[in-house]
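Presented below is the structure to which this report refers.
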Amino acid sequence: EAQVTQNPRYLITVTGKKLTVTCSQNMNHEYMSWYRQDPGLGLRQIYYSMNVEVTDKGDVPEGYKVSRKEKRNFPLILESPSPNQTSLYFCASRTGAGNTIYFGEGSWLTVV
Amino acid sequence: AQRVTQPEKLLSVFKGAPVELKCNYSYSGSPELFWYVQYSRQRLQLLLRHISRESIKGFTADLNKGETSFHLKKPFAQEEDSAMYYCASMFSGGYNKLIFGAGTRLAVHP
(Lines give C-alpha, C1' and ligand atoms only; values in the text may rest on other atoms or scores of the structure.)
Protein backbone atom coordinates (compact mmCIF):
# COMPACT_ATOMS: atom_id res chain seq x y z
CA GLU A 1 0.00 0.00 0.00
CA ALA A 2 1.32 3.42 -0.97
CA GLN A 3 2.07 5.30 2.20
CA VAL A 4 3.68 8.37 3.67
CA THR A 5 4.40 7.66 7.33
CA GLN A 6 5.20 10.25 9.95
CA ASN A 7 6.38 9.81 13.54
CA PRO A 8 5.56 10.83 16.14
CA ARG A 9 1.91 11.58 15.52
CA TYR A 10 1.60 13.54 18.75
CA LEU A 11 4.31 15.22 20.80
CA ILE A 12 4.44 17.73 23.61
CA THR A 13 7.90 19.11 24.24
CA VAL A 14 9.58 22.00 26.01
CA THR A 15 11.20 25.07 24.54
CA GLY A 16 14.74 24.44 23.39
CA LYS A 17 14.70 20.65 23.44
CA LYS A 18 15.78 19.38 20.04
CA LEU A 19 13.36 17.06 18.28
CA THR A 20 13.04 15.25 15.00
CA VAL A 21 9.87 14.32 13.15
CA THR A 22 10.51 11.46 10.78
CA CYS A 23 8.88 10.95 7.39
CA SER A 24 9.15 7.90 5.21
CA GLN A 25 7.52 7.02 1.89
CA ASN A 26 7.41 3.66 0.15
CA MET A 27 6.61 4.84 -3.37
CA ASN A 28 10.16 5.66 -4.53
CA HIS A 29 9.13 9.29 -4.98
CA GLU A 30 11.76 11.86 -5.86
CA TYR A 31 10.03 14.86 -4.38
CA MET A 32 9.28 15.25 -0.69
CA SER A 33 8.26 18.23 1.37
CA TRP A 34 7.11 19.43 4.77
CA TYR A 35 4.14 21.69 5.47
CA ARG A 36 2.74 23.18 8.61
CA GLN A 37 -0.97 23.78 9.02
CA ASP A 38 -2.24 26.64 11.14
CA PRO A 39 -5.79 27.95 11.55
CA GLY A 40 -6.63 30.65 9.05
CA LEU A 41 -3.34 30.20 7.20
CA GLY A 42 -3.90 26.90 5.41
CA LEU A 43 -0.78 24.87 4.72
CA ARG A 44 2.58 26.54 4.23
CA GLN A 45 5.63 24.79 2.88
CA ILE A 46 8.63 24.62 5.20
CA TYR A 47 11.23 22.75 3.13
CA TYR A 48 11.23 20.56 0.08
CA SER A 49 13.60 18.10 -1.55
CA MET A 50 13.82 17.18 -5.21
CA ASN A 51 16.02 14.15 -4.64
CA VAL A 52 18.69 12.69 -2.40
CA GLU A 53 20.99 15.40 -1.04
CA VAL A 54 18.95 18.11 -2.77
CA THR A 55 16.90 20.30 -0.44
CA ASP A 56 15.65 23.87 -0.51
CA LYS A 57 13.69 26.31 1.61
CA GLY A 58 9.98 26.73 1.29
CA ASP A 59 7.97 29.68 2.53
CA VAL A 60 8.54 29.34 6.28
CA PRO A 61 11.91 27.62 6.85
CA GLU A 62 13.04 29.58 9.91
CA GLY A 63 13.69 27.36 12.90
CA TYR A 64 13.71 24.14 10.88
CA LYS A 65 16.28 21.90 9.23
CA VAL A 66 15.90 18.91 6.96
CA SER A 67 18.08 16.24 5.44
CA ARG A 68 17.65 13.79 2.58
CA LYS A 69 20.30 11.11 2.88
CA GLU A 70 18.06 8.41 1.50
CA LYS A 71 15.30 8.63 -1.06
CA ARG A 72 12.59 7.28 1.21
CA ASN A 73 13.28 9.44 4.29
CA PHE A 74 12.95 13.17 4.85
CA PRO A 75 13.20 14.06 8.56
CA LEU A 76 12.24 17.48 9.89
CA ILE A 77 14.52 18.76 12.63
CA LEU A 78 13.72 21.44 15.17
CA GLU A 79 17.06 22.29 16.77
CA SER A 80 15.60 24.59 19.41
CA PRO A 81 11.80 24.49 19.33
CA SER A 82 9.81 27.54 20.35
CA PRO A 83 6.11 27.91 21.17
CA ASN A 84 5.39 29.51 17.78
CA GLN A 85 6.28 26.17 16.22
CA THR A 86 3.27 24.59 17.84
CA SER A 87 1.39 23.34 14.82
CA LEU A 88 0.19 20.38 12.79
CA TYR A 89 2.89 19.17 10.44
CA PHE A 90 2.41 17.22 7.23
CA CYS A 91 4.96 15.43 5.17
CA ALA A 92 4.20 14.91 1.49
CA SER A 93 5.74 13.21 -1.51
CA ARG A 94 5.21 12.83 -5.23
CA THR A 95 6.87 11.27 -8.19
CA GLY A 96 8.63 13.46 -10.68
CA ALA A 97 6.36 12.30 -13.46
CA GLY A 98 3.06 13.39 -11.98
CA ASN A 99 1.64 16.09 -9.79
CA THR A 100 -0.47 14.06 -7.39
CA ILE A 101 0.88 14.71 -3.95
CA TYR A 102 0.49 12.16 -1.18
CA PHE A 103 0.29 13.38 2.37
CA GLY A 104 1.18 11.73 5.65
CA GLU A 105 -1.30 11.58 8.51
CA GLY A 106 0.13 14.59 10.25
CA SER A 107 2.13 15.20 13.42
CA TRP A 108 0.67 17.33 16.19
CA LEU A 109 3.49 19.21 17.88
CA THR A 110 3.04 21.33 20.99
CA VAL A 111 5.95 23.35 22.36
CA VAL A 112 5.48 24.67 25.89
CA ALA B 1 3.04 37.05 -5.68
CA GLN B 2 1.37 33.77 -6.45
CA ARG B 3 -1.62 33.39 -4.19
CA VAL B 4 -4.69 31.22 -3.68
CA THR B 5 -7.66 32.84 -1.99
CA GLN B 6 -10.60 31.13 -0.37
CA PRO B 7 -12.80 33.98 0.87
CA GLU B 8 -15.08 31.95 3.12
CA LYS B 9 -13.80 30.44 6.37
CA LEU B 10 -17.06 28.64 7.00
CA LEU B 11 -19.90 27.57 4.76
CA SER B 12 -22.94 26.20 6.51
CA VAL B 13 -25.75 24.52 4.54
CA PHE B 14 -28.55 22.04 5.04
CA LYS B 15 -28.50 18.56 3.64
CA GLY B 16 -29.68 18.54 0.04
CA ALA B 17 -28.79 22.16 -0.60
CA PRO B 18 -26.34 23.15 -3.36
CA VAL B 19 -22.80 23.96 -2.35
CA GLU B 20 -20.23 26.24 -3.91
CA LEU B 21 -16.83 26.68 -2.30
CA LYS B 22 -15.01 29.61 -3.82
CA CYS B 23 -11.39 29.68 -4.88
CA ASN B 24 -9.48 32.36 -6.76
CA TYR B 25 -5.86 32.36 -7.80
CA SER B 26 -3.48 35.08 -8.82
CA TYR B 27 -1.10 34.02 -11.55
CA SER B 28 -0.70 35.18 -15.10
CA GLY B 29 0.35 31.80 -16.48
CA SER B 30 -1.37 28.42 -16.49
CA PRO B 31 -1.37 26.89 -13.05
CA GLU B 32 -2.48 23.41 -12.20
CA LEU B 33 -5.30 23.54 -9.68
CA PHE B 34 -6.47 21.07 -7.06
CA TRP B 35 -9.04 20.64 -4.37
CA TYR B 36 -8.03 18.73 -1.25
CA VAL B 37 -10.37 17.57 1.50
CA GLN B 38 -9.50 16.97 5.13
CA TYR B 39 -11.91 15.08 7.41
CA SER B 40 -11.57 15.71 11.17
CA ARG B 41 -7.84 16.60 11.15
CA GLN B 42 -6.92 13.54 9.13
CA ARG B 43 -4.49 13.62 6.25
CA LEU B 44 -5.33 15.71 3.25
CA GLN B 45 -6.81 13.73 0.40
CA LEU B 46 -6.88 14.82 -3.18
CA LEU B 47 -10.49 15.42 -4.17
CA LEU B 48 -10.00 16.49 -7.75
CA ARG B 49 -7.67 18.30 -10.13
CA HIS B 50 -8.67 20.51 -12.97
CA ILE B 51 -6.80 18.67 -15.70
CA SER B 52 -8.76 15.50 -14.98
CA ARG B 53 -12.14 17.18 -15.42
CA GLU B 54 -13.68 14.45 -13.31
CA SER B 55 -16.39 14.33 -10.72
CA ILE B 56 -15.53 12.84 -7.33
CA LYS B 57 -18.20 12.21 -4.70
CA GLY B 58 -20.51 14.42 -6.73
CA PHE B 59 -18.13 17.40 -6.65
CA THR B 60 -17.00 19.22 -9.76
CA ALA B 61 -14.79 22.23 -10.36
CA ASP B 62 -14.21 24.18 -13.52
CA LEU B 63 -11.23 26.36 -14.20
CA ASN B 64 -12.30 29.82 -15.31
CA LYS B 65 -9.21 31.58 -16.58
CA GLY B 66 -11.07 34.82 -17.23
CA GLU B 67 -12.13 35.07 -13.60
CA THR B 68 -9.04 33.20 -12.33
CA SER B 69 -11.34 30.96 -10.34
CA PHE B 70 -11.68 27.27 -9.59
CA HIS B 71 -14.85 27.02 -7.54
CA LEU B 72 -15.90 23.65 -6.12
CA LYS B 73 -19.55 22.73 -6.58
CA LYS B 74 -21.96 20.03 -5.59
CA PRO B 75 -25.68 20.14 -6.40
CA PHE B 76 -26.90 18.31 -3.28
CA ALA B 77 -24.81 18.38 -0.12
CA GLN B 78 -24.62 15.33 2.18
CA GLU B 79 -23.78 15.28 5.88
CA GLU B 80 -20.66 13.25 5.15
CA ASP B 81 -19.36 16.13 3.04
CA SER B 82 -18.68 18.10 6.24
CA ALA B 83 -14.92 18.70 6.24
CA MET B 84 -12.22 21.26 5.57
CA TYR B 85 -11.66 21.96 1.90
CA TYR B 86 -8.44 23.42 0.58
CA CYS B 87 -7.90 24.84 -2.84
CA ALA B 88 -4.30 24.57 -4.00
CA SER B 89 -2.28 25.51 -7.01
CA MET B 90 0.98 24.34 -8.47
CA PHE B 91 2.54 26.99 -10.64
CA SER B 92 4.94 26.29 -13.47
CA GLY B 93 8.42 25.77 -12.11
CA GLY B 94 6.95 25.09 -8.71
CA TYR B 95 8.44 21.62 -8.40
CA ASN B 96 6.92 20.06 -5.34
CA LYS B 97 5.37 23.27 -4.09
CA LEU B 98 1.66 23.52 -3.70
CA ILE B 99 0.33 26.90 -2.66
CA PHE B 100 -2.73 26.46 -0.48
CA GLY B 101 -5.62 28.69 0.29
CA ALA B 102 -6.58 29.21 3.93
CA GLY B 103 -9.32 26.61 3.67
CA THR B 104 -13.10 26.60 3.98
CA ARG B 105 -14.93 24.53 6.54
CA LEU B 106 -18.09 23.03 5.10
CA ALA B 107 -20.73 22.15 7.65
CA VAL B 108 -23.74 20.23 6.34
CA HIS B 109 -26.65 20.10 8.77
CA PRO B 110 -29.40 17.48 8.77
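In the C-alpha coordinates, chains take letters A, B, ... by order of appearance, with residues numbered from 1 within each chain and ligands from 1 in the order shown.
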Tell me the residues of chain A close to chain B, meaning within 10 Å using only C-alpha atoms, as a ChimeraX atom specification.
/A:30-35,37-50,58-59,88,90-96,99-108
For Gln2 of chain B, list every protein, DNA or RNA residue within 10 Å, evaluated using only C-alpha atoms, and leave out those in the same chain fewer than 3 positions away; present the list as an NGL selection string.
:B and (25-28 or 31 or 89-91 or 99)
Under the rule that only C-alpha atoms are counted, which of B:Val37, B:Cys23, B:Leu63, B:Ala17 is the nearest residue to Glu79 of chain B?
B:Ala17
Expressed in Å to a single decimal, how great is the separation between atom CA of Lys65 of chain A and atom CA of Thr5 of chain B?
28.6 Å
